[in-house]
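my_file19.cif follows; it contains mmCIF, C-alpha atoms.
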data_protein
#
loop_
_atom_site.label_atom_id
_atom_site.label_comp_id
_atom_site.auth_asym_id
_atom_site.auth_seq_id
_atom_site.Cartn_x
_atom_site.Cartn_y
_atom_site.Cartn_z
CA MET L 1 -61.32 54.43 112.28
CA ARG L 2 -64.79 55.67 111.45
CA MET L 3 -66.14 57.43 108.36
CA SER L 4 -67.53 60.98 108.20
CA LYS L 5 -70.81 62.08 109.81
CA ILE L 6 -72.57 62.20 106.41
CA VAL L 7 -71.69 58.55 105.68
CA ARG L 8 -72.78 57.43 109.17
CA PHE L 9 -76.12 59.29 108.99
CA SER L 10 -76.84 57.89 105.48
CA ALA L 11 -76.06 54.38 106.73
CA ASP L 12 -78.45 54.84 109.69
CA VAL L 13 -81.28 56.05 107.42
CA LEU L 14 -80.78 53.47 104.65
CA PHE L 15 -80.40 50.50 107.04
CA GLY L 16 -84.15 50.39 107.86
CA ALA L 17 -85.24 50.60 104.23
CA ILE L 18 -82.80 47.86 103.13
CA LEU L 19 -83.93 45.64 106.05
CA ILE L 20 -87.63 45.99 105.10
CA PHE L 21 -86.89 45.28 101.42
CA GLY L 22 -84.91 42.15 102.36
CA PHE L 23 -87.72 40.87 104.59
CA TYR L 24 -90.17 41.51 101.72
CA ILE L 25 -88.07 39.39 99.34
CA ILE L 26 -87.79 36.59 101.95
CA LEU L 27 -91.50 36.49 102.81
CA HIS L 28 -92.68 36.63 99.17
CA GLY L 29 -90.19 33.93 98.12
CA HIS L 30 -92.90 31.49 97.00
CA LEU L 31 -94.77 34.14 94.95
CA THR L 32 -92.26 36.46 93.28
CA PRO L 33 -88.62 36.19 92.09
CA GLY L 34 -86.21 35.88 94.99
CA GLY L 35 -86.36 33.83 98.13
CA GLY L 36 -84.36 33.00 101.21
CA PHE L 37 -80.87 33.38 99.76
CA GLN L 38 -81.54 36.58 97.81
CA GLY L 39 -83.43 38.26 100.66
CA GLY L 40 -80.80 37.21 103.20
CA ALA L 41 -78.07 38.66 100.96
CA VAL L 42 -79.98 41.96 100.72
CA VAL L 43 -80.35 42.15 104.53
CA ALA L 44 -76.63 41.31 104.93
CA THR L 45 -75.86 44.21 102.56
CA GLY L 46 -77.62 46.53 105.02
CA ALA L 47 -75.56 45.09 107.89
CA ALA L 48 -72.39 45.52 105.79
CA LEU L 49 -73.30 49.19 105.23
CA VAL L 50 -73.35 49.84 108.99
CA ILE L 51 -70.17 47.77 109.54
CA VAL L 52 -68.25 49.76 106.87
CA ALA L 53 -69.48 53.15 108.18
CA TYR L 54 -68.56 52.72 111.88
CA SER L 55 -65.34 51.77 113.68
CA TYR L 56 -64.71 48.24 114.94
CA GLU L 57 -65.33 49.08 118.63
CA GLU L 58 -68.66 50.79 117.83
CA VAL L 59 -69.74 47.86 115.63
CA LEU L 60 -68.97 45.41 118.46
CA HIS L 61 -71.35 47.38 120.71
CA MET L 62 -74.13 46.97 118.09
CA ILE L 63 -73.52 43.43 116.75
CA LYS L 64 -72.07 40.46 118.63
CA LYS L 65 -70.08 37.75 116.83
CA ALA L 66 -71.64 35.05 119.03
CA GLY L 67 -75.11 36.37 118.17
CA LEU L 68 -74.43 36.10 114.43
CA MET L 69 -73.02 32.57 114.86
CA LEU L 70 -76.11 31.61 116.88
CA GLN L 71 -78.32 33.11 114.16
CA GLU L 72 -76.55 31.09 111.45
CA SER L 73 -76.93 27.85 113.44
CA ALA L 74 -80.56 28.64 114.34
CA GLY L 75 -81.42 29.05 110.64
CA LEU L 76 -79.87 25.67 109.77
CA VAL L 77 -81.57 23.93 112.74
CA MET L 78 -84.94 25.46 111.75
CA PHE L 79 -84.49 24.27 108.13
CA ALA L 80 -83.66 20.71 109.20
CA GLY L 81 -86.30 20.77 111.96
CA VAL L 82 -89.13 21.71 109.63
CA ALA L 83 -88.10 18.84 107.34
CA LEU L 84 -87.77 16.39 110.29
CA ILE L 85 -91.28 17.16 111.63
CA ALA L 86 -92.63 15.56 108.43
CA LEU L 87 -90.75 12.37 109.38
CA GLY L 88 -92.42 12.46 112.81
CA LEU L 89 -95.85 12.74 111.21
CA GLY L 90 -95.32 9.43 109.40
CA THR L 91 -94.63 10.88 105.94
CA THR L 92 -91.46 11.27 103.91
CA PHE L 93 -88.58 13.67 104.65
CA PHE L 94 -89.33 17.23 103.34
CA PHE L 95 -93.06 16.35 102.86
CA ASN L 96 -95.20 19.50 102.55
CA TYR L 97 -97.57 18.70 105.46
CA LEU L 98 -98.86 22.31 105.85
CA ALA L 99 -100.14 22.80 102.29
CA ASN L 100 -103.98 23.01 102.03
CA SER L 101 -104.28 22.20 105.76
CA GLY L 102 -105.84 25.51 106.82
CA LEU L 103 -103.10 26.13 109.40
CA LEU L 104 -100.10 28.48 109.06
CA PHE L 105 -99.44 29.17 105.34
CA GLY L 106 -102.05 26.48 104.64
CA MET L 107 -104.63 28.17 102.40
CA SER L 108 -105.54 26.58 99.07
CA VAL L 109 -104.28 28.48 96.04
CA PRO L 110 -107.18 30.40 94.39
CA PHE L 111 -108.07 29.36 90.84
CA GLY L 112 -107.41 31.59 87.85
CA PRO L 113 -105.34 34.76 87.41
CA ASN L 114 -104.78 36.45 90.81
CA PRO L 115 -102.20 38.77 92.38
CA GLY L 116 -100.87 35.96 94.59
CA GLU L 117 -101.94 34.94 98.10
CA LEU L 118 -99.25 35.21 100.79
CA ASN L 119 -100.91 32.62 103.06
CA THR L 120 -100.18 29.65 100.75
CA GLY L 121 -97.26 27.35 100.09
CA GLY L 122 -97.14 25.15 103.20
CA VAL L 123 -93.60 24.66 104.50
CA LEU L 124 -91.92 26.57 101.63
CA PRO L 125 -92.26 30.04 103.29
CA LEU L 126 -90.97 28.56 106.57
CA MET L 127 -87.91 27.18 104.77
CA ASN L 128 -87.39 30.50 102.98
CA ILE L 129 -87.41 32.26 106.38
CA ALA L 130 -84.91 29.71 107.77
CA VAL L 131 -82.55 30.15 104.80
CA GLY L 132 -82.93 33.94 105.07
CA ILE L 133 -81.91 33.95 108.76
CA GLU L 134 -78.96 31.66 108.02
CA VAL L 135 -77.63 33.66 105.02
CA TRP L 136 -78.05 36.95 106.94
CA GLY L 137 -75.88 35.69 109.82
CA GLY L 138 -73.35 33.96 107.59
CA LEU L 139 -72.66 36.87 105.23
CA ALA L 140 -72.64 39.48 108.03
CA ILE L 141 -70.06 37.47 109.99
CA VAL L 142 -67.79 37.29 106.92
CA ILE L 143 -67.69 41.13 106.78
CA LEU L 144 -67.27 41.38 110.58
CA TYR L 145 -64.25 39.03 110.60
CA MET L 146 -62.73 41.00 107.70
CA LEU L 147 -63.05 44.19 109.80
CA SER L 148 -61.60 42.52 112.92
CA GLY L 149 -58.45 41.48 111.00
CA ILE L 150 -58.08 45.02 109.69
CA SER L 151 -58.38 46.65 113.13
CA LYS L 152 -55.50 44.45 114.38
CA ALA L 153 -53.41 45.54 111.37
CA GLU L 154 -54.15 49.23 112.14
CA GLU L 155 -52.93 48.83 115.74
CA ALA L 156 -49.65 47.18 114.69
CA MET T 1 -86.54 48.54 68.92
CA ILE T 2 -86.29 50.38 72.26
CA GLU T 3 -85.28 47.09 73.94
CA THR T 4 -82.41 46.65 71.49
CA ILE T 5 -81.21 50.21 72.17
CA ILE T 6 -81.27 49.65 75.97
CA HIS T 7 -79.49 46.32 75.50
CA VAL T 8 -76.71 47.89 73.40
CA LEU T 9 -76.34 50.77 75.90
CA VAL T 10 -76.01 48.36 78.85
CA ILE T 11 -73.38 46.26 77.06
CA ALA T 12 -71.46 49.40 76.06
CA GLY T 13 -71.58 50.54 79.71
CA LEU T 14 -70.23 47.11 80.77
CA VAL T 15 -67.23 47.47 78.44
CA VAL T 16 -66.58 51.07 79.56
CA SER T 17 -66.77 50.24 83.29
CA ALA T 18 -64.48 47.21 82.83
CA ILE T 19 -61.91 49.45 81.09
CA LEU T 20 -62.27 52.02 83.92
CA VAL T 21 -61.46 49.36 86.56
CA PHE T 22 -58.20 48.67 84.69
CA HIS T 23 -57.44 52.37 84.10
CA PHE T 24 -57.90 53.93 87.58
CA ARG T 25 -54.82 54.39 89.82
CA ASP T 26 -57.11 55.40 92.72
CA LEU T 27 -58.15 52.03 94.14
CA LEU T 28 -61.34 53.37 95.77
CA ALA T 29 -62.50 54.66 92.37
CA ALA T 30 -61.61 51.29 90.85
CA ALA T 31 -63.71 49.49 93.50
CA LEU T 32 -66.67 51.78 92.73
CA ALA T 33 -66.24 51.16 88.97
CA SER T 34 -66.33 47.44 89.76
CA ALA T 35 -69.58 48.03 91.68
CA LEU T 36 -70.95 49.84 88.61
CA PHE T 37 -69.97 46.81 86.48
CA SER T 38 -71.89 44.52 88.88
CA PHE T 39 -74.94 46.81 88.79
CA LEU T 40 -74.96 46.92 84.97
CA ILE T 41 -74.57 43.14 84.68
CA SER T 42 -77.50 42.70 87.09
CA LEU T 43 -79.52 45.01 84.77
CA GLU T 44 -78.44 42.78 81.87
CA PHE T 45 -79.67 39.67 83.74
CA TYR T 46 -83.02 41.42 84.27
CA ILE T 47 -83.30 42.26 80.56
CA LEU T 48 -82.55 38.58 79.77
CA GLN T 49 -85.58 37.52 81.91
CA ALA T 50 -83.64 36.22 84.94
CA PRO T 51 -84.82 38.42 87.85
CA ASP T 52 -83.72 35.82 90.43
CA VAL T 53 -80.08 35.99 89.30
CA ALA T 54 -80.37 39.79 89.02
CA ILE T 55 -81.29 40.17 92.72
CA SER T 56 -78.42 37.85 93.77
CA GLN T 57 -75.94 39.73 91.58
CA ALA T 58 -77.07 43.14 92.87
CA ALA T 59 -76.82 42.06 96.53
CA ILE T 60 -73.59 40.04 96.40
CA GLY T 61 -71.70 41.74 93.57
CA ALA T 62 -72.62 45.39 94.04
CA GLY T 63 -73.11 45.28 97.82
CA LEU T 64 -71.00 42.78 99.75
CA THR T 65 -67.98 42.54 97.42
CA THR T 66 -67.67 46.35 97.33
CA ALA T 67 -67.88 46.48 101.14
CA ILE T 68 -65.02 43.94 101.42
CA PHE T 69 -62.93 45.94 98.88
CA ILE T 70 -63.53 49.21 100.77
CA LEU T 71 -62.56 47.55 104.09
CA ALA T 72 -59.35 46.24 102.48
CA ILE T 73 -58.49 49.67 101.03
CA ARG T 74 -59.11 51.28 104.45
CA SER T 75 -56.37 49.11 106.00
CA THR T 76 -53.84 49.45 103.14
CA LYS T 77 -52.87 52.24 100.74
CA ARG T 78 -55.45 54.05 98.63
CA TYR T 79 -53.25 54.82 95.60
CA GLU T 80 -51.51 52.30 93.40
CA GLU T 81 -47.76 52.87 92.98
CA ASP T 82 -45.98 53.03 89.64
CA ILE T 83 -44.41 49.80 88.47
CA PRO T 84 -40.62 50.32 88.24
#
Kindly present the structure from the file in structure tokens form.
Amino acid sequence: MRMSKIVRFSADVLFGAILIFGFYIILHGHLTPGGGFQGGAVVATGAALVIVAYSYEEVLHMIKKAGLMLQESAGLVMFAGVALIALGLGTTFFFNYLANSGLLFGMSVPFGPNPGELNTGGVLPLMNIAVGIEVWGGLAIVILYMLSGISKAEEA
Amino acid sequence: MIETIIHVLVIAGLVVSAILVFHFRDLLAAALASALFSFLISLEFYILQAPDVAISQAAIGAGLTTAIFILAIRSTKRYEEDIP
């Protein structure tokens, strides 16, 4: 069962905007309110909008359950991996080895009042991205399994 | 002064939307009133200087929970029956 054409078109248009806003919250997690969990929940809301608007067969053509599971696991592996690299470098677990190094996200924080520099924070933005990927997959798969149980009930 | 007025209006809206959830026999309308409750409480968190919690509440409460309710209503009946 699918919803009306107006609902489906609105879901298609709003999906892009919600996705961009979620990625903004994830990437600015170390500067502004929000972070990996909040941004991932916002992106999952966009996925839920599409899942509610279309029928189960159409959703399965767009999103795969195995892909979402893989995404959830990849986020967790990336989170643990970033923390384990610090152990390989001879420092403590979760050590912020990228801060002030000049590499990725490694700029020093400018002194005084400033609008906030995105290229700072060391491993914190990487961990925000990992948590965002994981929460996106996890919350989207909850909605998808809810819909799969309902489609079986509609057939019976 | 204006902050106090907004605060009182938001809390009054919370009470009204909570009563509406109880009052509606149309379950889809009740789910949307519950989404309105979540939106207003996220506004209340923002007024109380907790923008982090406000974003979580808006995404989980107003977005995902309402989606799960609408999916459940789609598979069952839309209207609540009278209690005998």
Could the residues of chain T that have an atom at most 9 Å from chain L be listed as a tab-separated table, each with its closest atom pair and the distance in Å to one decimal, counting all atoms listed in the file and ordered by chain and ascending residue number?
residue	atom	partner	partner_atom	distance
T:Ala50	CA	L:Pro33	CA	8.7
T:Pro51	CA	L:Pro33	CA	6.1
T:Asp52	CA	L:Pro33	CA	5.2
T:Val53	CA	L:Gly34	CA	8.4
T:Ile55	CA	L:Gln38	CA	6.2
T:Ser56	CA	L:Gln38	CA	5.3
T:Gln57	CA	L:Gln38	CA	8.9
T:Ala58	CA	L:Val42	CA	8.5
T:Ala59	CA	L:Val42	CA	5.2
T:Ile60	CA	L:Ala41	CA	6.5
T:Gly63	CA	L:Thr45	CA	5.6
T:Leu64	CA	L:Thr45	CA	5.8
T:Ala67	CA	L:Ala48	CA	6.5
T:Ile68	CA	L:Ile143	CA	6.6
T:Ile70	CA	L:Val52	CA	7.7
T:Leu71	CA	L:Leu147	CA	6.6
T:Ala72	CA	L:Ile150	CA	7.4
T:Arg74	CA	L:Ile150	CA	8.2
T:Ser75	CA	L:Ile150	CA	5.8
T:Thr76	CA	L:Ile150	CA	9.0
Practice task
I would like the residues chosen by the PyMOL selection byres ((chain T and resi 10-13) around 12) on the shown file; could you give them as a ChimeraX atom specification?
Solution key: /T:3-9,14-20,33-34,36-48
Practice task
Determine the residue membership of the PyMOL selection byres ((chain L and resi 88-102) around 12) for the file above and supply it as number ranges by chain.
Solution key: L: 79-87, 103-110, 119-127
Generate the output file for the selected residues, C-alpha atoms, as an mmCIF file, in the frame of the given file.
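See selection-v2.cif below for the written result:
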data_model
loop_
_atom_site.group_PDB
_atom_site.id
_atom_site.type_symbol
_atom_site.label_atom_id
_atom_site.label_comp_id
_atom_site.auth_asym_id
_atom_site.auth_seq_id
_atom_site.Cartn_x
_atom_site.Cartn_y
_atom_site.Cartn_z
ATOM 1 C CA PHE L 79 -84.490 24.270 108.130
ATOM 2 C CA ALA L 80 -83.660 20.710 109.200
ATOM 3 C CA GLY L 81 -86.300 20.770 111.960
ATOM 4 C CA VAL L 82 -89.130 21.710 109.630
ATOM 5 C CA ALA L 83 -88.100 18.840 107.340
ATOM 6 C CA LEU L 84 -87.770 16.390 110.290
ATOM 7 C CA ILE L 85 -91.280 17.160 111.630
ATOM 8 C CA ALA L 86 -92.630 15.560 108.430
ATOM 9 C CA LEU L 87 -90.750 12.370 109.380
ATOM 10 C CA LEU L 103 -103.100 26.130 109.400
ATOM 11 C CA LEU L 104 -100.100 28.480 109.060
ATOM 12 C CA PHE L 105 -99.440 29.170 105.340
ATOM 13 C CA GLY L 106 -102.050 26.480 104.640
ATOM 14 C CA MET L 107 -104.630 28.170 102.400
ATOM 15 C CA SER L 108 -105.540 26.580 99.070
ATOM 16 C CA VAL L 109 -104.280 28.480 96.040
ATOM 17 C CA PRO L 110 -107.180 30.400 94.390
ATOM 18 C CA ASN L 119 -100.910 32.620 103.060
ATOM 19 C CA THR L 120 -100.180 29.650 100.750
ATOM 20 C CA GLY L 121 -97.260 27.350 100.090
ATOM 21 C CA GLY L 122 -97.140 25.150 103.200
ATOM 22 C CA VAL L 123 -93.600 24.660 104.500
ATOM 23 C CA LEU L 124 -91.920 26.570 101.630
ATOM 24 C CA PRO L 125 -92.260 30.040 103.290
ATOM 25 C CA LEU L 126 -90.970 28.560 106.570
ATOM 26 C CA MET L 127 -87.910 27.180 104.770
#
Practice task
For CA of Ala35 (chain T) and CA of Val13 (chain L), quote the distance in Å rounded to one decimal.
Solution key: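 Answer for the CA of Ala35 (chain T) to CA of Val13 (chain L) separation: 21.2 Å.
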Handout entry: Point-to-point distance in Å for CA of Ile141 (chain L) and CA of Met78 (chain L)
Key = 19.2 Å
Handout entry: One-decimal distance in Å that lies between CA of Ser10 (chain L) and CA of Gly137 (chain L)
Key =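 One can read the CA of Gly137 (chain L) to CA of Ser10 (chain L) distance as 22.6 Å.
Closest approach to Phe15 (chain L) among L:Val50, L:Gly36, L:Ala130, L:Pro113 is made by L:Val50 (distances from only C-alpha atoms).
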Handout entry: Hits of the PyMOL selection byres ((chain L and resi 31) around 8) in this structure, as a list of chain:residue names
Key = L:His28, L:Gly29, L:His30, L:Thr32, L:Pro33, L:Gly116, L:Glu117, L:Leu118
What does the file look like for those residues with C-alpha atoms, as a PDB file, in the coordinates of the input?
ATOM      1  CA  HIS L  28     -92.680  36.630  99.170  1.00  0.00           C
ATOM      2  CA  GLY L  29     -90.190  33.930  98.120  1.00  0.00           C
ATOM      3  CA  HIS L  30     -92.900  31.490  97.000  1.00  0.00           C
ATOM      4  CA  THR L  32     -92.260  36.460  93.280  1.00  0.00           C
ATOM      5  CA  PRO L  33     -88.620  36.190  92.090  1.00  0.00           C
ATOM      6  CA  GLY L 116    -100.870  35.960  94.590  1.00  0.00           C
ATOM      7  CA  GLU L 117    -101.940  34.940  98.100  1.00  0.00           C
ATOM      8  CA  LEU L 118     -99.250  35.210 100.790  1.00  0.00           C
TER       9      LEU L 118
END
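Here the question is which of L:Glu134, L:Gln71, L:Phe21, L:Ser148 gets nearest to Glu57 (chain L) using all atoms listed in the file, and that residue is L:Ser148.
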Centre and edge lengths, as AutoDock Vina command-line options, for the axis-aligned box enclosing every listed atom of region 26-32 of chain L with 3 Å of padding on each of the six sides, in Å to one decimal?
--center_x -91.3 --center_y 34.1 --center_z 98.0 --size_x 13.0 --size_y 11.1 --size_z 15.5
If I put a ball of radius 9 Å at (-75.3, 34.4, 111.2) in the file's coordinates, which residues poke into it when counting only C-alpha atoms, written as an mmCIF file with C-alpha atoms, in the frame of the given file?
data_model
loop_
_atom_site.group_PDB
_atom_site.id
_atom_site.type_symbol
_atom_site.label_atom_id
_atom_site.label_comp_id
_atom_site.auth_asym_id
_atom_site.auth_seq_id
_atom_site.Cartn_x
_atom_site.Cartn_y
_atom_site.Cartn_z
ATOM 1 C CA LYS L 65 -70.080 37.750 116.830
ATOM 2 C CA ALA L 66 -71.640 35.050 119.030
ATOM 3 C CA GLY L 67 -75.110 36.370 118.170
ATOM 4 C CA LEU L 68 -74.430 36.100 114.430
ATOM 5 C CA MET L 69 -73.020 32.570 114.860
ATOM 6 C CA LEU L 70 -76.110 31.610 116.880
ATOM 7 C CA GLN L 71 -78.320 33.110 114.160
ATOM 8 C CA GLU L 72 -76.550 31.090 111.450
ATOM 9 C CA SER L 73 -76.930 27.850 113.440
ATOM 10 C CA ALA L 74 -80.560 28.640 114.340
ATOM 11 C CA GLY L 75 -81.420 29.050 110.640
ATOM 12 C CA ILE L 133 -81.910 33.950 108.760
ATOM 13 C CA GLU L 134 -78.960 31.660 108.020
ATOM 14 C CA VAL L 135 -77.630 33.660 105.020
ATOM 15 C CA TRP L 136 -78.050 36.950 106.940
ATOM 16 C CA GLY L 137 -75.880 35.690 109.820
ATOM 17 C CA GLY L 138 -73.350 33.960 107.590
ATOM 18 C CA LEU L 139 -72.660 36.870 105.230
ATOM 19 C CA ALA L 140 -72.640 39.480 108.030
ATOM 20 C CA ILE L 141 -70.060 37.470 109.990
#
